[in-house]
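For reference, the structure discussed in these notes is given below.
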Amino acid sequence: MSDRHPALVHAVNVTKAFHGNEVLKGIDMDVDKSEVVCLLGPSGSGKTTFLRCINQLESIDGGRIWVDGELMGYSDRDGHLHHLTDKQIAAQRREIGMVFQRWNLFPHMTALENIMEAPIQVNGEKKSEVKARALELLEQVGLKDKPSAYPAQLSGGQQQRVAIARALAMKPKLMLFDEPTSALDPELVGEVLKVMRQLAQDGMTMIVVTHEMSFAREVADRVVFMDGGVVVEQGPPSEVITNPQHERTRTFLRRMRQEEHA
Amino acid sequence: MTDASQDRPGAIHARPVPHPWRWVALALIAVIVAMVVSSFVTNPRWDFPFALQVMNFNPVLNGLVRGTILGTLGAMVLGVGLGVVVGIMRLSTNPVLRGVAFVYTWFFRAIPRYVLLVILGTGLGYLYSKFDIGVPFGQQLSHLFGLSSDLTFFSLDVNQFSSTLLMGIIGLGLSEAAYMAEIARAGILSVDQGQVEAAQALGMSSAKTMRRVVLPQAMRVIVPPTGNETIAMVKDTSLLIAIPVNAELFYQASTIGSRTLKIMPTYVAATAWYLIVCSVLMVGQYYLERRFGRGFGTGSTAKQGALRARLLSFQGLGGGGK
Ligand SMILES: Nc1ncnc2c1ncn2[C@@H]1O[C@H](COP(=O)(O)OP(=O)(O)OP(=O)(O)O)[C@@H](O)[C@H]1O
Ligand SMILES: [Mg+2]
């Protein structure tokens, strides 16, 4: 595409409804390469839905999403949109890593097997090479002594770190995190955030849905506040979190602060 | 201070709860067992030595190996393979596949196995004496265009084929697939949707997701009722006589019975073989369950998982009632 948009993620007027209930009401969002964007917003504001739309776990009703210049889910031929095949959609997803709130590791595989699964099965890479990379990734997330542990033998924080390593094994251009720490006991949150912080420093492009204000303040290049299916305001964390312009943002942040201190 | 530590409660020496009824039950069972054993010994019609001989007669062994063991194996391979396919079709987004799977399950669950085997063994050869594989409507087409070939690639004499063990295996397997489809469907549905999403997010195709992620986890739920099905199939191979297949354990045993007029010992011989085969299968099932329980907790929790799955299999997932 000659008029390729410079942003890695370029979402324009994205709309999505579930059974007539409009959850996303025209989201515009650009995320540059190596940028870390934190998505904040009250429950039900559509943060999870938007993330899932980016890697097509949900289809969108309107608007367009481009990732690295590629239109997600459709091909644009002679002015008409054509649905992509399942294979083509799977190929697009390979470029995008996703980390879920409830980690979703494959319980019948060890930590190492979880990480090696997609590079071998999807990319057809050589097993020996993948294994070396997987062991490096385990070390990167601080679990080099756990390659043969099954998920059920790991703590929540350890499982989430394996899940991050599993996503990274596909060498994605973009990482999506959906509340990666909110299912964890408080004392396990830090170890996961540490891995994510390092990832941000290494230049990974990340969209992170989170309620961890200190993480957003420290790591995010930009904070996007969503409510009721629209982006209410966005900007550097120092502005949005410290000095929000909109009443809805202020109310949300006040409530978050109360919860933190409760 | 020393006083206080002496006051703290120490090791427990408690009397067990008395269970008088257990002893009563034990005594009762002992009496019944003694009565049965004494009748075995005193009633010459049991004739266990002869039963043992019958177990080792060549026709009986041939019936055991071919009809019972090979029949079970073949029917279960076909049943599980086809059943998993039909079960996946049942859950497909494609309405045509869903419909086909539904009709298949409906038909083969409704038809009694005995009736199915009689139809396949006798009725089919009467309707179609030859079974041709080729271009659909090949004979009509070649007639229409005046071709010399009738567009048939492969042709089978049904009358020769219909009374073979293979036909029996196909019949039992087709019937089994209907039950296995339901078991496979339940197993697939038991896998968390998050697993599918995680696999898709990694870029796996739906076929690969099914094969690498969903089915291995579904196996935990599928294996215990499949064990039930296999054991039921061992016994249902005695229906092969409907085809008729003569190389079958019970038919061979009872033939000897009617020839020698020692009916009961031959029944005992057949029963003993069924017990032995099923015991071996139960051991196999134990190891299969352990294999597919991998990663689902360790030690006692894995056992609980297997137990839960087994309970599930009794709650109607196992088909049953045949
Ligand atoms: N599969 C679905 N079917 C129907 N409604 C859905 C579905 N997924 C989400 N919704 C609805 O869409 C709205 C937005 O949900 P979403 O999960 O995106 O919110 P969220 O911002 O992630 O909230 P939270 O902070 O609680 O995770 C909610 O009202 C939810 O009930
Ligand atoms: Mg959410």
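In the structure tokens, each chain is lettered A, B, ... as it comes, each chain's residues begin at 1, and ligands are numbered from 1 in order of appearance.
Look at range 262-271 of chain B: the protein and nucleic acid residues within 6 Å of it, using only C-alpha atoms and passing over chain neighbours fewer than 4 places away, are Trp46, Ala51, Met55, Phe250, Ala253 and Gly257 of chain B.
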Select residues of chain B: the criterion is any atom within 9 Å of an atom of chain A, counting only C-alpha atoms; output as a PDB file with C-alpha atoms, in the first residue's frame.
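And here's selection03.pdb as it stands now:
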```pdb
ATOM      1  CA  ASP B 192     -12.448 -24.365  28.173  1.00  0.00           C
ATOM      2  CA  GLY B 194     -10.093 -19.937  26.531  1.00  0.00           C
ATOM      3  CA  GLN B 195      -7.926 -22.800  25.257  1.00  0.00           C
ATOM      4  CA  GLU B 197      -8.741 -18.617  21.899  1.00  0.00           C
ATOM      5  CA  ALA B 198      -5.185 -19.001  23.164  1.00  0.00           C
ATOM      6  CA  ALA B 199      -4.420 -21.375  20.292  1.00  0.00           C
ATOM      7  CA  GLN B 200      -6.027 -19.071  17.732  1.00  0.00           C
ATOM      8  CA  ALA B 201      -4.176 -16.075  19.122  1.00  0.00           C
ATOM      9  CA  LEU B 202      -0.959 -17.982  18.420  1.00  0.00           C
ATOM     10  CA  GLY B 203      -2.027 -18.308  14.804  1.00  0.00           C
ATOM     11  CA  MET B 204      -3.103 -21.943  14.816  1.00  0.00           C
ATOM     12  CA  SER B 205      -5.642 -23.010  12.225  1.00  0.00           C
ATOM     13  CA  SER B 206      -8.881 -24.489  13.501  1.00  0.00           C
ATOM     14  CA  LYS B 208      -4.573 -27.690  14.323  1.00  0.00           C
ATOM     15  CA  ARG B 212      -3.143 -30.245  19.247  1.00  0.00           C
ATOM     16  CA  VAL B 213      -5.102 -28.415  21.928  1.00  0.00           C
ATOM     17  CA  PRO B 216      -5.833 -34.038  23.882  1.00  0.00           C
ATOM     18  CA  GLN B 217      -7.703 -32.299  26.686  1.00  0.00           C
ATOM     19  CA  PHE B 292      -4.295 -38.297  29.393  1.00  0.00           C
ATOM     20  CA  GLY B 293      -4.496 -37.008  32.965  1.00  0.00           C
ATOM     21  CA  ARG B 294      -0.995 -35.548  32.479  1.00  0.00           C
ATOM     22  CA  GLY B 295      -0.725 -31.999  33.724  1.00  0.00           C
ATOM     23  CA  PHE B 296      -4.054 -32.094  35.502  1.00  0.00           C
ATOM     24  CA  GLY B 297      -2.856 -31.924  39.072  1.00  0.00           C
ATOM     25  CA  THR B 298      -0.524 -34.383  40.707  1.00  0.00           C
TER      26      THR B 298
END
```
Please return as a ChimeraX atom specification the residues found within 12 Å of ligand 2, counting only C-alpha atoms and all ligand atoms. /A:23,39-52,100-102,177-183,208-211,226
Restricting the output to N, CA and C atoms, write the selected residues as a compact mmCIF listing (two decimals), in the first residue's frame.
```txt
# COMPACT_ATOMS: atom_id res chain seq x y z
N VAL A 23 -21.18 -1.93 21.88
CA VAL A 23 -20.13 -1.95 22.89
C VAL A 23 -18.98 -1.03 22.50
N LEU A 39 -4.59 1.00 28.32
CA LEU A 39 -6.02 1.26 28.16
C LEU A 39 -6.65 1.21 29.54
N LEU A 40 -7.26 2.33 29.94
CA LEU A 40 -7.95 2.36 31.22
C LEU A 40 -9.43 2.55 30.96
N GLY A 41 -10.23 2.23 31.97
CA GLY A 41 -11.65 2.49 31.84
C GLY A 41 -12.44 1.59 32.77
N PRO A 42 -13.65 2.03 33.11
CA PRO A 42 -14.46 1.22 34.02
C PRO A 42 -14.89 -0.10 33.39
N SER A 43 -15.35 -0.99 34.22
CA SER A 43 -15.80 -2.30 33.76
C SER A 43 -16.92 -2.14 32.74
N GLY A 44 -16.83 -2.90 31.66
CA GLY A 44 -17.88 -2.86 30.64
C GLY A 44 -17.68 -1.75 29.62
N SER A 45 -16.56 -1.04 29.68
CA SER A 45 -16.38 0.08 28.75
C SER A 45 -15.92 -0.40 27.37
N GLY A 46 -15.56 -1.67 27.25
CA GLY A 46 -15.23 -2.21 25.93
C GLY A 46 -13.74 -2.41 25.70
N LYS A 47 -12.94 -2.36 26.75
CA LYS A 47 -11.48 -2.50 26.59
C LYS A 47 -11.12 -3.88 26.06
N THR A 48 -11.64 -4.92 26.72
CA THR A 48 -11.37 -6.29 26.29
C THR A 48 -11.86 -6.50 24.86
N THR A 49 -13.06 -6.02 24.60
CA THR A 49 -13.64 -6.21 23.27
C THR A 49 -12.74 -5.58 22.20
N PHE A 50 -12.22 -4.38 22.49
CA PHE A 50 -11.37 -3.72 21.49
C PHE A 50 -10.09 -4.53 21.24
N LEU A 51 -9.47 -5.01 22.31
CA LEU A 51 -8.26 -5.84 22.14
C LEU A 51 -8.57 -7.07 21.30
N ARG A 52 -9.69 -7.71 21.60
CA ARG A 52 -10.06 -8.94 20.88
C ARG A 52 -10.36 -8.65 19.41
N PHE A 100 -3.70 -13.32 28.15
CA PHE A 100 -5.06 -13.26 28.67
C PHE A 100 -5.07 -13.06 30.18
N GLN A 101 -6.19 -12.57 30.64
CA GLN A 101 -6.37 -12.38 32.09
C GLN A 101 -6.16 -13.68 32.84
N ARG A 102 -6.73 -14.76 32.31
CA ARG A 102 -6.59 -16.06 32.97
C ARG A 102 -5.59 -16.94 32.23
N PHE A 177 -2.13 -7.16 25.97
CA PHE A 177 -2.29 -7.70 27.32
C PHE A 177 -3.67 -7.32 27.84
N ASP A 178 -4.47 -8.29 28.22
CA ASP A 178 -5.79 -7.99 28.79
C ASP A 178 -5.76 -8.25 30.29
N GLU A 179 -5.61 -7.20 31.06
CA GLU A 179 -5.55 -7.29 32.52
C GLU A 179 -4.70 -8.48 32.96
N PRO A 180 -3.42 -8.46 32.60
CA PRO A 180 -2.58 -9.65 32.85
C PRO A 180 -2.36 -9.95 34.33
N THR A 181 -2.63 -8.98 35.19
CA THR A 181 -2.33 -9.23 36.61
C THR A 181 -3.58 -9.25 37.48
N SER A 182 -4.77 -9.05 36.91
CA SER A 182 -5.91 -8.86 37.81
C SER A 182 -6.46 -10.17 38.35
N ALA A 183 -6.00 -11.33 37.83
CA ALA A 183 -6.44 -12.60 38.43
C ALA A 183 -5.39 -13.12 39.41
N VAL A 208 -1.85 -2.42 26.61
CA VAL A 208 -2.05 -3.08 27.89
C VAL A 208 -3.34 -2.57 28.54
N VAL A 209 -4.32 -3.46 28.71
CA VAL A 209 -5.48 -3.10 29.52
C VAL A 209 -5.10 -3.40 30.96
N THR A 210 -5.17 -2.41 31.82
CA THR A 210 -4.73 -2.66 33.19
C THR A 210 -5.42 -1.73 34.18
N HIS A 211 -5.46 -2.17 35.40
CA HIS A 211 -5.91 -1.31 36.50
C HIS A 211 -4.74 -0.92 37.38
N MET A 226 -11.05 4.93 28.21
CA MET A 226 -12.28 4.58 27.50
C MET A 226 -13.45 4.53 28.47
```
CA of Arg197 in chain A to CA of Val14 in chain A, distance in Å rounded to a single decimal: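 Those two atoms sit 28.7 Å apart.
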Can you pull out every residue within 12 Å of Asn21 in chain A, counting only C-alpha atoms, but drop anything in the same chain fewer than 2 positions away, and send it as number ranges by chain? A: 15-19, 23-25, 44, 46, 61, 228-229
Output file for the residues above (N, CA, C and O atoms, as a PDB file, in the first residue's frame):
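Generated file (out.pdb):
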```pdb
ATOM      1  N   THR A  15     -16.513  -0.072  15.223  1.00  0.00           N
ATOM      2  CA  THR A  15     -17.762  -0.286  15.958  1.00  0.00           C
ATOM      3  C   THR A  15     -18.019  -1.773  16.105  1.00  0.00           C
ATOM      4  O   THR A  15     -17.613  -2.582  15.270  1.00  0.00           O
ATOM      5  N   LYS A  16     -18.678  -2.126  17.204  1.00  0.00           N
ATOM      6  CA  LYS A  16     -18.981  -3.528  17.486  1.00  0.00           C
ATOM      7  C   LYS A  16     -20.200  -3.604  18.392  1.00  0.00           C
ATOM      8  O   LYS A  16     -20.266  -2.899  19.396  1.00  0.00           O
ATOM      9  N   ALA A  17     -21.153  -4.423  18.040  1.00  0.00           N
ATOM     10  CA  ALA A  17     -22.334  -4.623  18.880  1.00  0.00           C
ATOM     11  C   ALA A  17     -22.522  -6.112  19.151  1.00  0.00           C
ATOM     12  O   ALA A  17     -22.217  -6.949  18.307  1.00  0.00           O
ATOM     13  N   PHE A  18     -22.968  -6.434  20.356  1.00  0.00           N
ATOM     14  CA  PHE A  18     -23.375  -7.810  20.676  1.00  0.00           C
ATOM     15  C   PHE A  18     -24.891  -7.818  20.777  1.00  0.00           C
ATOM     16  O   PHE A  18     -25.455  -7.181  21.657  1.00  0.00           O
ATOM     17  N   HIS A  19     -25.559  -8.519  19.897  1.00  0.00           N
ATOM     18  CA  HIS A  19     -27.022  -8.619  19.926  1.00  0.00           C
ATOM     19  C   HIS A  19     -27.652  -7.232  20.088  1.00  0.00           C
ATOM     20  O   HIS A  19     -28.476  -7.012  20.975  1.00  0.00           O
ATOM     21  N   VAL A  23     -21.184  -1.931  21.877  1.00  0.00           N
ATOM     22  CA  VAL A  23     -20.130  -1.954  22.886  1.00  0.00           C
ATOM     23  C   VAL A  23     -18.977  -1.034  22.498  1.00  0.00           C
ATOM     24  O   VAL A  23     -18.381  -0.380  23.340  1.00  0.00           O
ATOM     25  N   LEU A  24     -18.653  -0.987  21.206  1.00  0.00           N
ATOM     26  CA  LEU A  24     -17.650  -0.049  20.703  1.00  0.00           C
ATOM     27  C   LEU A  24     -18.366   0.914  19.755  1.00  0.00           C
ATOM     28  O   LEU A  24     -19.022   0.484  18.803  1.00  0.00           O
ATOM     29  N   LYS A  25     -18.229   2.221  20.037  1.00  0.00           N
ATOM     30  CA  LYS A  25     -19.007   3.197  19.267  1.00  0.00           C
ATOM     31  C   LYS A  25     -18.097   4.125  18.476  1.00  0.00           C
ATOM     32  O   LYS A  25     -18.171   5.334  18.612  1.00  0.00           O
ATOM     33  N   GLY A  44     -16.830  -2.899  31.661  1.00  0.00           N
ATOM     34  CA  GLY A  44     -17.875  -2.860  30.642  1.00  0.00           C
ATOM     35  C   GLY A  44     -17.683  -1.752  29.624  1.00  0.00           C
ATOM     36  O   GLY A  44     -18.531  -1.551  28.760  1.00  0.00           O
ATOM     37  N   GLY A  46     -15.564  -1.674  27.254  1.00  0.00           N
ATOM     38  CA  GLY A  46     -15.231  -2.213  25.931  1.00  0.00           C
ATOM     39  C   GLY A  46     -13.742  -2.413  25.698  1.00  0.00           C
ATOM     40  O   GLY A  46     -13.322  -2.666  24.568  1.00  0.00           O
ATOM     41  N   ASP A  61     -18.039  -4.683  13.316  1.00  0.00           N
ATOM     42  CA  ASP A  61     -19.198  -4.369  12.471  1.00  0.00           C
ATOM     43  C   ASP A  61     -18.892  -3.224  11.519  1.00  0.00           C
ATOM     44  O   ASP A  61     -19.459  -3.138  10.439  1.00  0.00           O
ATOM     45  N   GLY A 228     -17.896   3.707  28.054  1.00  0.00           N
ATOM     46  CA  GLY A 228     -19.100   3.562  27.241  1.00  0.00           C
ATOM     47  C   GLY A 228     -18.815   3.347  25.767  1.00  0.00           C
ATOM     48  O   GLY A 228     -19.591   3.773  24.915  1.00  0.00           O
ATOM     49  N   GLY A 229     -17.708   2.710  25.452  1.00  0.00           N
ATOM     50  CA  GLY A 229     -17.443   2.365  24.058  1.00  0.00           C
ATOM     51  C   GLY A 229     -16.824   3.481  23.247  1.00  0.00           C
ATOM     52  O   GLY A 229     -16.738   3.381  22.027  1.00  0.00           O
TER      53      GLY A 229
END
```
Find the residues around Leu143 in chain A up to 10 Å (only C-alpha atoms counted), leave out those fewer than 2 positions away in its own chain, and share them as a list in words. Ala111, Leu135, Glu136, Leu137, Leu138, Glu139, Gln140, Val141, Asp145, Lys146, Pro147, Gln158, Gln159, Arg161, Val162 and Ala165 of chain A
Would you output that residue set with C-alpha atoms, as an mmCIF file, in the first residue's frame?
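As a result, part_31.cif now contains:
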```cif
data_model
loop_
_atom_site.group_PDB
_atom_site.id
_atom_site.type_symbol
_atom_site.label_atom_id
_atom_site.label_comp_id
_atom_site.auth_asym_id
_atom_site.auth_seq_id
_atom_site.Cartn_x
_atom_site.Cartn_y
_atom_site.Cartn_z
ATOM 1 C CA ALA A 111 6.015 -24.891 30.300
ATOM 2 C CA LEU A 135 14.817 -21.876 27.043
ATOM 3 C CA GLU A 136 16.127 -18.338 26.529
ATOM 4 C CA LEU A 137 12.597 -16.984 26.840
ATOM 5 C CA LEU A 138 12.057 -18.933 30.047
ATOM 6 C CA GLU A 139 15.204 -17.359 31.419
ATOM 7 C CA GLN A 140 14.007 -13.939 30.290
ATOM 8 C CA VAL A 141 10.807 -14.324 32.315
ATOM 9 C CA ASP A 145 14.429 -23.790 36.342
ATOM 10 C CA LYS A 146 10.834 -24.658 35.377
ATOM 11 C CA PRO A 147 10.935 -25.983 31.788
ATOM 12 C CA GLN A 158 4.593 -18.083 37.032
ATOM 13 C CA GLN A 159 1.884 -19.247 34.644
ATOM 14 C CA ARG A 161 5.049 -15.342 32.761
ATOM 15 C CA VAL A 162 5.076 -18.590 30.788
ATOM 16 C CA ALA A 165 7.038 -16.234 26.887
#
```
Which residues are close to Thr230 in chain B, i.e. within 12 Å by only C-alpha atoms, leaving aside same-chain residues fewer than 2 positions away? Reply as a ChimeraX atom specification. /B:68-69,71-80,172-173,176-177,179-180,223-228,232-237,277-282,284-285,318-320
Would you please extract all strand (DSSP E) residues from range 106-313 of chain B, as assigned by DSSP on the backbone, and give them as a list of chain:residue names?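 Result set for range 106-313 of chain B (strand (DSSP E)): B:Lys130, B:Phe131, B:Asp132, B:Ile133, B:Gly134, B:Thr152, B:Phe153, B:Phe154, B:Ser155, B:Leu156, B:Asp157.
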Prev. selection, C-alpha atoms, output as a JSON list (two decimals), in the first residue's frame:
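What ended up in result.json:
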```json
[["chain", "number", "residue", "atom", "x", "y", "z"],
["B", 130, "LYS", "CA", -22.69, -56.14, -6.50],
["B", 131, "PHE", "CA", -21.22, -53.01, -4.97],
["B", 132, "ASP", "CA", -19.49, -50.70, -7.46],
["B", 133, "ILE", "CA", -17.28, -47.76, -6.73],
["B", 134, "GLY", "CA", -16.92, -45.32, -9.59],
["B", 152, "THR", "CA", -16.58, -48.30, -12.38],
["B", 153, "PHE", "CA", -13.17, -48.46, -10.76],
["B", 154, "PHE", "CA", -13.78, -51.07, -8.16],
["B", 155, "SER", "CA", -16.36, -53.74, -7.80],
["B", 156, "LEU", "CA", -17.21, -56.02, -4.91],
["B", 157, "ASP", "CA", -19.36, -59.09, -4.73]]
```
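Each of A:Leu199, A:Val231, A:Ala11, A:Ala216 was compared to ligand 1 using only C-alpha atoms and all ligand atoms, and A:Val231 turns out to be the nearest.
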What's the 12 Å shell around Ala7 in chain A, counting only C-alpha atoms, without same-chain residues fewer than 3 positions away, as a JSON list (two decimals) with N, CA and C atoms, in the first residue's frame?
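Ended up saving to selection14.json:
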```json
[["chain", "number", "residue", "atom", "x", "y", "z"],
["A", 3, "ASP", "N", -0.07, 4.49, 0.32],
["A", 3, "ASP", "CA", -0.45, 5.48, 1.34],
["A", 3, "ASP", "C", -0.54, 4.80, 2.70],
["A", 4, "ARG", "N", 0.44, 3.96, 2.95],
["A", 4, "ARG", "CA", 0.46, 3.18, 4.18],
["A", 4, "ARG", "C", 0.61, 4.11, 5.37],
["A", 10, "HIS", "N", -3.39, 0.98, 13.40],
["A", 10, "HIS", "CA", -4.14, 2.12, 12.92],
["A", 10, "HIS", "C", -5.61, 1.70, 12.89],
["A", 11, "ALA", "N", -6.34, 2.12, 13.91],
["A", 11, "ALA", "CA", -7.76, 1.74, 14.00],
["A", 11, "ALA", "C", -8.60, 2.98, 13.75],
["A", 12, "VAL", "N", -9.59, 2.84, 12.86],
["A", 12, "VAL", "CA", -10.42, 3.98, 12.50],
["A", 12, "VAL", "C", -11.89, 3.63, 12.68],
["A", 29, "MET", "N", -7.78, 4.77, 17.08],
["A", 29, "MET", "CA", -6.57, 4.64, 17.89],
["A", 29, "MET", "C", -5.38, 4.32, 17.00],
["A", 30, "ASP", "N", -4.30, 5.06, 17.20],
["A", 30, "ASP", "CA", -3.05, 4.77, 16.51],
["A", 30, "ASP", "C", -2.00, 4.42, 17.55],
["A", 31, "VAL", "N", -1.25, 3.38, 17.29],
["A", 31, "VAL", "CA", -0.16, 3.01, 18.18],
["A", 31, "VAL", "C", 1.11, 2.89, 17.35],
["A", 32, "ASP", "N", 2.11, 3.69, 17.70],
["A", 32, "ASP", "CA", 3.36, 3.67, 16.93],
["A", 32, "ASP", "C", 4.20, 2.49, 17.33],
["A", 33, "LYS", "N", 5.17, 2.20, 16.47],
["A", 33, "LYS", "CA", 6.12, 1.15, 16.77],
["A", 33, "LYS", "C", 6.85, 1.48, 18.06],
["A", 34, "SER", "N", 7.03, 0.45, 18.90],
["A", 34, "SER", "CA", 7.73, 0.58, 20.20],
["A", 34, "SER", "C", 6.98, 1.42, 21.21],
["A", 35, "GLU", "N", 5.76, 1.79, 20.90],
["A", 35, "GLU", "CA", 4.99, 2.58, 21.86],
["A", 35, "GLU", "C", 4.28, 1.65, 22.83],
["A", 65, "ILE", "N", -9.30, -1.81, 10.88],
["A", 65, "ILE", "CA", -8.09, -1.90, 11.70],
["A", 65, "ILE", "C", -6.95, -2.36, 10.81],
["A", 66, "TRP", "N", -5.87, -1.58, 10.81],
["A", 66, "TRP", "CA", -4.66, -2.03, 10.11],
["A", 66, "TRP", "C", -3.59, -2.34, 11.14],
["A", 67, "VAL", "N", -2.89, -3.42, 10.95],
["A", 67, "VAL", "CA", -1.71, -3.69, 11.77],
["A", 67, "VAL", "C", -0.53, -3.83, 10.83],
["A", 68, "ASP", "N", 0.46, -2.97, 11.02],
["A", 68, "ASP", "CA", 1.64, -2.94, 10.16],
["A", 68, "ASP", "C", 1.23, -2.83, 8.69],
["A", 69, "GLY", "N", 0.25, -1.99, 8.44],
["A", 69, "GLY", "CA", -0.16, -1.71, 7.07],
["A", 69, "GLY", "C", -1.10, -2.73, 6.46],
["A", 70, "GLU", "N", -1.40, -3.79, 7.23],
["A", 70, "GLU", "CA", -2.27, -4.83, 6.68],
["A", 70, "GLU", "C", -3.67, -4.70, 7.26],
["A", 174, "LEU", "N", 3.55, -7.03, 17.80],
["A", 174, "LEU", "CA", 2.66, -6.30, 18.70],
["A", 174, "LEU", "C", 2.22, -7.26, 19.80],
["A", 205, "THR", "N", 6.16, -3.17, 21.00],
["A", 205, "THR", "CA", 4.94, -2.38, 20.91],
["A", 205, "THR", "C", 3.86, -3.09, 21.73]]
```
As an exercise, work out the distance from CA of Val37 in chain A to CA of Asp202 in chain A in Å and give it to one decimal place.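 Computing the Euclidean distance for CA of Val37 in chain A and CA of Asp202 in chain A yields 14.9 Å.
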Measuring atom to atom with only C-alpha atoms and all ligand atoms, identify which of A:Phe225, A:Ala220, A:Arg64, A:Thr251 is nearest to ligand 1.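 For ligand 1, the nearest of the candidates is A:Phe225.
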Near Asn13 in chain A, within 7 Å and counting only C-alpha atoms, which residues show up once chain neighbours fewer than 3 positions away are dropped, as a ChimeraX atom specification? /A:26-28,63-64
Output the selection as a PDB file, in the first residue's frame - N, CA, C and O atoms for each residue.
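result.pdb written:
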```pdb
ATOM      1  N   GLY A  26     -17.230   3.540  17.686  1.00  0.00           N
ATOM      2  CA  GLY A  26     -16.368   4.376  16.851  1.00  0.00           C
ATOM      3  C   GLY A  26     -15.057   4.696  17.537  1.00  0.00           C
ATOM      4  O   GLY A  26     -14.807   5.833  17.928  1.00  0.00           O
ATOM      5  N   ILE A  27     -14.224   3.670  17.687  1.00  0.00           N
ATOM      6  CA  ILE A  27     -12.926   3.867  18.340  1.00  0.00           C
ATOM      7  C   ILE A  27     -11.883   4.226  17.275  1.00  0.00           C
ATOM      8  O   ILE A  27     -11.754   3.514  16.279  1.00  0.00           O
ATOM      9  N   ASP A  28     -11.162   5.313  17.503  1.00  0.00           N
ATOM     10  CA  ASP A  28      -9.992   5.644  16.688  1.00  0.00           C
ATOM     11  C   ASP A  28      -8.773   5.477  17.575  1.00  0.00           C
ATOM     12  O   ASP A  28      -8.756   5.980  18.698  1.00  0.00           O
ATOM     13  N   GLY A  63     -15.850   0.252  10.552  1.00  0.00           N
ATOM     14  CA  GLY A  63     -14.503   0.780  10.723  1.00  0.00           C
ATOM     15  C   GLY A  63     -13.464  -0.161  10.153  1.00  0.00           C
ATOM     16  O   GLY A  63     -13.804  -1.174   9.525  1.00  0.00           O
ATOM     17  N   ARG A  64     -12.210   0.189  10.344  1.00  0.00           N
ATOM     18  CA  ARG A  64     -11.110  -0.636   9.821  1.00  0.00           C
ATOM     19  C   ARG A  64     -10.001  -0.688  10.858  1.00  0.00           C
ATOM     20  O   ARG A  64      -9.782   0.277  11.588  1.00  0.00           O
TER      21      ARG A  64
END
```
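CA of Leu112 in chain A sits 10.0 Å away from CA of Val130 in chain A.
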Assign secondary structure with DSSP using the backbone only, and return the residues of range 58-238 of chain B in alpha helix (DSSP H) as a ChimeraX atom specification. /B:58-62,71-90,95-110,113-118,124-127,138-145,158-161,165-189,193-201,206-208,215-236
Would you mind telling me which residue in A:Val9, A:Val230, A:Val219, A:Leu84 lies nearest to ligand 1 when using only C-alpha atoms and all ligand atoms?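 Of A:Val9, A:Val230, A:Val219, A:Leu84, the one nearest ligand 1 is A:Val230, counting only C-alpha atoms and all ligand atoms.
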Using only C-alpha atoms and all ligand atoms: which of A:Lys127, A:Leu71, A:Phe215, A:Asp227 has the shortest distance to ligand 1: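 Selected residue with least distance to ligand 1: A:Asp227.
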Option closest in space to ligand 1, from A:Cys53, A:Leu8, A:Val223, A:Ile164 [counting only C-alpha atoms and all ligand atoms]: A:Cys53
